[in-house]
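Undergrad: Structure: work_11.cif, mmCIF, C-alpha atoms and all ligand atoms.
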data_data
loop_
_atom_site.label_atom_id
_atom_site.label_comp_id
_atom_site.auth_asym_id
_atom_site.auth_seq_id
_atom_site.Cartn_x
_atom_site.Cartn_y
_atom_site.Cartn_z
CA MET A 294 -35.72 3.04 10.71
CA ASN A 295 -37.52 2.78 14.03
CA PHE A 296 -40.86 4.53 13.85
CA SER A 297 -42.82 5.74 16.84
CA SER A 298 -46.05 5.32 14.89
CA GLN A 299 -47.39 2.70 12.49
CA LEU A 300 -49.31 5.40 10.60
CA LEU A 301 -46.09 7.35 10.12
CA GLU A 302 -44.24 4.23 8.96
CA ASP A 303 -47.00 3.32 6.48
CA ALA A 304 -46.96 6.81 4.96
CA VAL A 305 -43.14 6.85 4.71
CA ASN A 306 -43.18 3.44 3.02
CA GLU A 307 -45.66 4.69 0.40
CA PHE A 308 -43.54 7.74 -0.43
CA ALA A 309 -40.39 5.60 -0.55
CA LYS A 310 -41.97 3.57 -3.37
CA LEU A 311 -41.68 6.62 -5.66
CA PRO A 312 -38.71 6.73 -8.04
CA GLY A 313 -35.72 8.54 -6.61
CA VAL A 314 -37.21 8.82 -3.11
CA GLY A 315 -35.32 7.06 -0.33
CA GLN A 316 -36.52 6.50 3.25
CA LYS A 317 -34.94 9.72 4.57
CA THR A 318 -36.51 11.88 1.88
CA ALA A 319 -39.82 10.06 2.36
CA LEU A 320 -39.73 10.83 6.08
CA ARG A 321 -38.97 14.49 5.41
CA LEU A 322 -41.91 14.75 2.98
CA VAL A 323 -44.33 13.00 5.32
CA LEU A 324 -43.35 15.19 8.29
CA HIS A 325 -43.72 18.23 6.05
CA LEU A 326 -47.28 17.17 5.15
CA LEU A 327 -48.06 16.45 8.77
CA ASN A 328 -47.30 20.07 9.62
CA LYS A 329 -49.69 21.37 6.97
CA GLU A 330 -53.31 22.35 7.54
CA GLN A 331 -55.84 19.51 7.34
CA GLU A 332 -57.53 21.02 4.26
CA GLU A 333 -54.24 21.30 2.38
CA VAL A 334 -53.36 17.65 3.01
CA SER A 335 -56.89 16.54 2.06
CA HIS A 336 -56.59 18.46 -1.20
CA PHE A 337 -53.23 16.82 -1.89
CA GLY A 338 -54.75 13.37 -1.37
CA ARG A 339 -57.90 14.10 -3.40
CA THR A 340 -55.82 15.45 -6.31
CA LEU A 341 -53.91 12.17 -6.53
CA ILE A 342 -57.05 10.05 -6.31
CA ARG A 343 -58.84 12.15 -8.96
CA LEU A 344 -55.77 11.96 -11.21
CA LYS A 345 -55.86 8.19 -11.23
CA GLU A 346 -59.64 7.83 -11.39
CA GLU A 347 -60.43 10.47 -13.98
CA ILE A 348 -57.46 10.66 -16.31
CA LYS A 349 -58.12 9.54 -19.87
CA HIS A 350 -56.02 8.65 -22.86
CA CYS A 351 -56.96 10.42 -26.08
CA GLN A 352 -58.81 7.99 -28.33
CA VAL A 353 -56.94 9.32 -31.36
CA CYS A 354 -53.33 9.89 -30.24
CA HIS A 355 -53.24 8.13 -26.81
CA ASN A 356 -51.85 11.22 -25.09
CA ILE A 357 -52.88 11.77 -21.48
CA SER A 358 -56.00 13.93 -21.49
CA ASP A 359 -58.98 15.14 -19.45
CA HIS A 360 -61.30 14.30 -22.33
CA ASN A 361 -61.84 11.43 -24.77
CA ILE A 362 -60.17 13.54 -27.47
CA CYS A 363 -57.18 15.58 -26.28
CA SER A 364 -56.82 19.34 -26.64
CA ILE A 365 -54.19 18.96 -29.39
CA CYS A 366 -56.23 16.56 -31.57
CA SER A 367 -59.34 18.72 -31.18
CA ALA A 368 -57.62 22.07 -31.87
CA PRO A 369 -58.79 23.35 -35.29
CA LYS A 370 -55.49 25.20 -35.85
CA ARG A 371 -53.37 22.03 -35.72
CA ASP A 372 -52.32 20.30 -38.93
CA GLY A 373 -54.04 16.93 -38.60
CA GLU A 374 -52.24 15.56 -41.66
CA THR A 375 -48.79 15.59 -40.03
CA ILE A 376 -48.33 13.00 -37.29
CA CYS A 377 -45.35 13.07 -34.95
CA VAL A 378 -44.78 9.67 -33.32
CA VAL A 379 -43.30 9.81 -29.80
CA GLU A 380 -42.62 7.44 -26.92
CA ASP A 381 -44.70 9.05 -24.20
CA THR A 382 -46.48 12.12 -22.93
CA ARG A 383 -43.23 13.72 -21.71
CA ASP A 384 -42.03 13.89 -25.30
CA VAL A 385 -45.27 15.60 -26.39
CA MET A 386 -44.67 18.20 -23.68
CA ALA A 387 -41.01 18.65 -24.69
CA ILE A 388 -41.93 19.16 -28.37
CA GLU A 389 -44.84 21.47 -27.52
CA ASN A 390 -42.38 23.59 -25.50
CA THR A 391 -40.28 24.19 -28.62
CA ASN A 392 -43.20 26.05 -30.31
CA GLN A 393 -41.88 24.70 -33.62
CA TYR A 394 -44.39 21.96 -34.35
CA PHE A 395 -48.04 22.42 -35.30
CA GLY A 396 -49.09 18.95 -36.37
CA VAL A 397 -50.60 16.24 -34.19
CA TYR A 398 -49.05 13.35 -32.27
CA HIS A 399 -49.22 9.62 -31.80
CA VAL A 400 -48.05 8.37 -28.41
CA LEU A 401 -46.66 4.83 -28.55
CA GLY A 402 -46.65 4.27 -24.79
CA GLY A 403 -43.06 2.97 -24.81
CA LEU A 404 -40.41 1.61 -27.15
CA ILE A 405 -39.79 -1.89 -28.46
CA SER A 406 -37.38 -3.55 -26.03
CA PRO A 407 -36.91 -7.31 -26.34
CA MET A 408 -34.70 -7.22 -23.21
CA ASP A 409 -37.64 -5.94 -21.17
CA GLY A 410 -40.14 -8.15 -22.96
CA ILE A 411 -41.83 -5.21 -24.71
CA GLY A 412 -42.90 -6.12 -28.23
CA PRO A 413 -44.83 -4.20 -30.92
CA SER A 414 -48.17 -5.54 -29.68
CA ASP A 415 -47.60 -3.93 -26.28
CA LEU A 416 -47.46 -0.48 -27.90
CA ASN A 417 -49.97 1.74 -29.73
CA ILE A 418 -48.63 0.73 -33.13
CA ASP A 419 -51.65 -0.95 -34.73
CA SER A 420 -53.71 2.17 -34.05
CA LEU A 421 -51.01 4.26 -35.77
CA VAL A 422 -51.12 2.05 -38.86
CA GLN A 423 -54.93 2.27 -38.72
CA ARG A 424 -54.74 6.06 -38.51
CA VAL A 425 -52.39 6.30 -41.48
CA SER A 426 -54.52 3.93 -43.56
CA THR A 427 -57.90 5.50 -42.82
CA THR A 428 -57.23 9.24 -42.56
CA SER A 429 -55.53 11.74 -44.82
CA VAL A 430 -51.89 11.85 -43.67
CA LYS A 431 -49.16 13.65 -45.61
CA GLU A 432 -46.18 12.97 -43.35
CA VAL A 433 -45.22 10.80 -40.38
CA ILE A 434 -42.37 12.14 -38.27
CA LEU A 435 -40.68 9.56 -36.06
CA ALA A 436 -39.34 11.47 -33.03
CA LEU A 437 -37.88 8.79 -30.82
CA SER A 438 -34.94 8.74 -28.45
CA ALA A 439 -31.54 8.02 -29.99
CA ASN A 440 -30.81 4.74 -28.28
CA MET A 441 -31.07 1.06 -29.12
CA GLU A 442 -34.78 0.78 -28.25
CA GLY A 443 -35.49 3.94 -30.27
CA ASP A 444 -33.65 2.59 -33.30
CA THR A 445 -35.37 -0.81 -33.08
CA THR A 446 -38.74 0.93 -32.92
CA LEU A 447 -37.86 3.24 -35.84
CA PHE A 448 -36.92 0.24 -37.96
CA TYR A 449 -40.14 -1.59 -37.12
CA LEU A 450 -42.38 1.44 -37.69
CA HIS A 451 -40.76 2.14 -41.04
CA LYS A 452 -41.41 -1.45 -42.07
CA ARG A 453 -45.09 -1.15 -41.10
CA LEU A 454 -45.61 2.26 -42.74
CA LYS A 455 -43.45 2.25 -45.86
CA ASP A 456 -46.13 0.84 -48.19
CA PHE A 457 -48.49 3.77 -47.60
CA GLN A 458 -46.50 6.01 -49.99
CA ILE A 459 -46.20 8.94 -47.59
CA PRO A 460 -42.98 10.60 -46.45
CA ILE A 461 -41.61 9.04 -43.25
CA THR A 462 -39.10 11.35 -41.65
CA THR A 463 -37.03 11.19 -38.50
CA ILE A 464 -35.80 14.05 -36.39
CA ALA A 465 -32.26 15.16 -37.10
CA ARG A 466 -29.84 13.70 -34.60
CA GLY A 467 -28.63 16.92 -33.05
CA ILE A 468 -29.43 14.79 -30.05
CA ALA A 469 -26.43 12.62 -29.20
CA PHE A 470 -26.78 8.87 -29.44
CA GLY A 471 -28.11 7.62 -26.15
CA GLY A 472 -29.93 10.94 -25.72
CA GLU A 473 -33.42 10.86 -24.32
CA LEU A 474 -35.79 13.20 -26.12
CA GLU A 475 -37.23 14.79 -22.99
CA TYR A 476 -33.77 15.88 -21.79
CA ALA A 477 -32.87 17.72 -25.00
CA ASP A 478 -33.02 21.47 -24.64
CA GLU A 479 -35.83 23.29 -26.44
CA ILE A 480 -33.62 24.88 -29.10
CA THR A 481 -31.89 21.60 -30.01
CA LEU A 482 -35.17 19.71 -30.09
CA GLY A 483 -36.96 22.45 -32.05
CA ARG A 484 -34.16 22.55 -34.61
CA SER A 485 -34.04 18.78 -34.94
CA ILE A 486 -37.75 18.77 -35.85
CA LEU A 487 -37.33 21.55 -38.42
CA THR A 488 -34.34 19.80 -40.03
CA ARG A 489 -35.87 16.33 -40.04
CA VAL A 490 -34.74 13.97 -42.76
CA PRO A 491 -36.35 11.06 -44.65
CA TYR A 492 -35.95 7.95 -42.52
CA GLU A 493 -33.90 6.11 -45.20
CA ASN A 494 -31.31 8.92 -45.21
CA SER A 495 -30.88 8.71 -41.45
CA LEU A 496 -29.45 5.22 -41.56
CA ILE A 497 -25.70 4.85 -41.25
CA LYS A 498 -24.57 3.30 -44.48
ZN ZN A 501 -55.07 13.35 -29.06
#
Can you dump the structure from the file as structure tokens?
TA:
Amino acid sequence: MNFSSQLLEDAVNEFAKLPGVGQKTALRLVLHLLNKEQEEVSHFGRTLIRLKEEIKHCQVCHNISDHNICSICSAPKRDGETICVVEDTRDVMAIENTNQYFGVYHVLGGLISPMDGIGPSDLNIDSLVQRVSTTSVKEVILALSANMEGDTTLFYLHKRLKDFQIPITTIARGIAFGGELEYADEITLGRSILTRVPYENSLIK
């Protein structure tokens, strides 16, 4: 692309770094912003800067939060003795949208993936084991995507948690193998949490 302005080119290049945004879309977005009022564009920029500078991760569950302890962990109505383990914040949002789950969460921050060089120590697994060993927990639900990384992570988590003598369940696989949790519809996801099964029973014998 031949740009008539370096400023325009710089802005387009920044937008084009976003996932799924090519140069043409980036140009359209930048020109759209350029036509907006100064205050609106300033607000857009400030929102992004504040997001990065001020966002926190809950000290208990690692979910993205405005405070040191997230609104789910600090809500008195939630069942703090049931922990649902998920890959990332998008899964928390998907499960919250089902209105079928009233426990708390533990956000791993990814899945074990030897191909991508992601091992257990790169994820929030030690803090989960710590949580289970130091607080009163009556069930751990493993709600991970049904793919190879999800299965590897399930296997590893079960190994780390099985000696604590608490039920370890996994969501029912109404979700097809290869299915990402966040793309499951609310009814399917809600039902798969309600019909969760002990982890051992979920293994294909
Ligand atoms: Zn939390």
Undergrad: Can you work out which one of A:Leu320, A:Ala387, A:Cys377, A:Val422 has the shortest atom-to-atom distance to Ala436 (chain A), counting all atoms listed in the file?
TA: A:Cys377
Undergrad: Write out as a PDB file with C-alpha atoms, keeping the file's coordinate frame which residues come within 8 Å of Thr375 (chain A) when counting only C-alpha atoms, dropping same-chain ones fewer than 2 positions away.
TA:
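Done, and the output landed in around.pdb:
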ATOM      1  CA  ASP A 372     -52.320  20.300 -38.930  1.00  0.00           C
ATOM      2  CA  GLY A 373     -54.040  16.930 -38.600  1.00  0.00           C
ATOM      3  CA  CYS A 377     -45.350  13.070 -34.950  1.00  0.00           C
ATOM      4  CA  GLY A 396     -49.090  18.950 -36.370  1.00  0.00           C
ATOM      5  CA  VAL A 397     -50.600  16.240 -34.190  1.00  0.00           C
ATOM      6  CA  VAL A 430     -51.890  11.850 -43.670  1.00  0.00           C
ATOM      7  CA  LYS A 431     -49.160  13.650 -45.610  1.00  0.00           C
ATOM      8  CA  GLU A 432     -46.180  12.970 -43.350  1.00  0.00           C
ATOM      9  CA  VAL A 433     -45.220  10.800 -40.380  1.00  0.00           C
ATOM     10  CA  ILE A 434     -42.370  12.140 -38.270  1.00  0.00           C
TER      11      ILE A 434
END
Undergrad: Using all atoms listed in the file, determine which residues fall within 6 Å of ligand ZN 501 (chain A), then list them as a VMD selection string.
TA: chain A and resid 351 353 to 356 362 to 363 365 to 366
Undergrad: Please produce a file of the residues just selected, as a PDB file, keeping the file's coordinate frame, where the atoms kept are C-alpha atoms.
TA:
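So again_36.pdb came out as:
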ATOM      1  CA  CYS A 351     -56.960  10.420 -26.080  1.00  0.00           C
ATOM      2  CA  VAL A 353     -56.940   9.320 -31.360  1.00  0.00           C
ATOM      3  CA  CYS A 354     -53.330   9.890 -30.240  1.00  0.00           C
ATOM      4  CA  HIS A 355     -53.240   8.130 -26.810  1.00  0.00           C
ATOM      5  CA  ASN A 356     -51.850  11.220 -25.090  1.00  0.00           C
ATOM      6  CA  ILE A 362     -60.170  13.540 -27.470  1.00  0.00           C
ATOM      7  CA  CYS A 363     -57.180  15.580 -26.280  1.00  0.00           C
ATOM      8  CA  ILE A 365     -54.190  18.960 -29.390  1.00  0.00           C
ATOM      9  CA  CYS A 366     -56.230  16.560 -31.570  1.00  0.00           C
TER      10      CYS A 366
END
Undergrad: Which protein, DNA or RNA residues are at most 10 Å from (-55.0, 7.5, -20.7) in the file's coordinates when you count all atoms listed in the file, listed as a PyMOL selection string?
TA: chain A and resi 345+347-352+354-361+382+402
Undergrad: Mind listing whatever residues come within 8 Å of the point (-44.3, 3.6, -27.1)? Use all atoms listed in the file, file coordinates, and give them as a VMD selection string.
TA: chain A and resid 379 to 381 400 to 405 416 to 418
Undergrad: Determine the nearest neighbour of Arg383 (chain A) from the options A:Ile480, A:Leu327, A:Val334, A:Leu437, counting only C-alpha atoms.
TA: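 For Arg383 (chain A), the nearest of the candidates is A:Leu437.
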Undergrad: Do you have the CA of Ser298 (chain A)-CA of Phe337 (chain A) distance handy?
TA: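 Atom-to-atom, CA of Ser298 (chain A) to CA of Phe337 (chain A), that is 21.6 Å.
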Undergrad: Just the number, please: distance in Å from CA of Thr391 (chain A) to CA of Thr428 (chain A), one decimal.
TA: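 Going from CA of Thr391 (chain A) over to CA of Thr428 (chain A) covers 26.6 Å.
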Undergrad: With all atoms listed in the file as the basis for distance, which of A:His451, A:Val314, A:Gln393, A:Glu307 is at the shortest distance from Leu421 (chain A)?
TA: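 Of A:His451, A:Val314, A:Gln393, A:Glu307, the one nearest Leu421 (chain A), counting all atoms listed in the file, is A:His451.
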Undergrad: If we count all atoms listed in the file and set the cut-off at 8 Å, which residues sit around Ala319 (chain A), ignoring sequence neighbours fewer than 2 positions away in its own chain? Please answer as an MDAnalysis selection string.
TA: chainID A and resid 305:306 308:309 314:317 321:323
Undergrad: Which distance in Å separates CA of Met386 (chain A) and CA of Leu454 (chain A), to one decimal?
TA: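 Rounded to one decimal, the two atoms are 24.9 Å apart.
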Undergrad: Select, from A:Glu333, A:Gly338, A:Gly412, A:Glu493, the residue with the minimum atom-to-atom distance to Ala304 (chain A), counting only C-alpha atoms.
TA: A:Gly338
Undergrad: Please determine, counting only C-alpha atoms, which residue among A:Leu324, A:Tyr394, A:Leu301, A:Gln423 has the shortest atom-to-atom distance to Lys370 (chain A).
TA: A:Tyr394
Undergrad: I'd like the contact shell of region 458-462 of chain A - 12 Å cut-off, only C-alpha atoms, skipping same-chain residues fewer than 2 positions apart - returned as a VMD selection string.
TA: chain A and resid 374 to 378 425 to 426 429 to 437 447 to 448 450 to 456 464 to 466 485 to 496
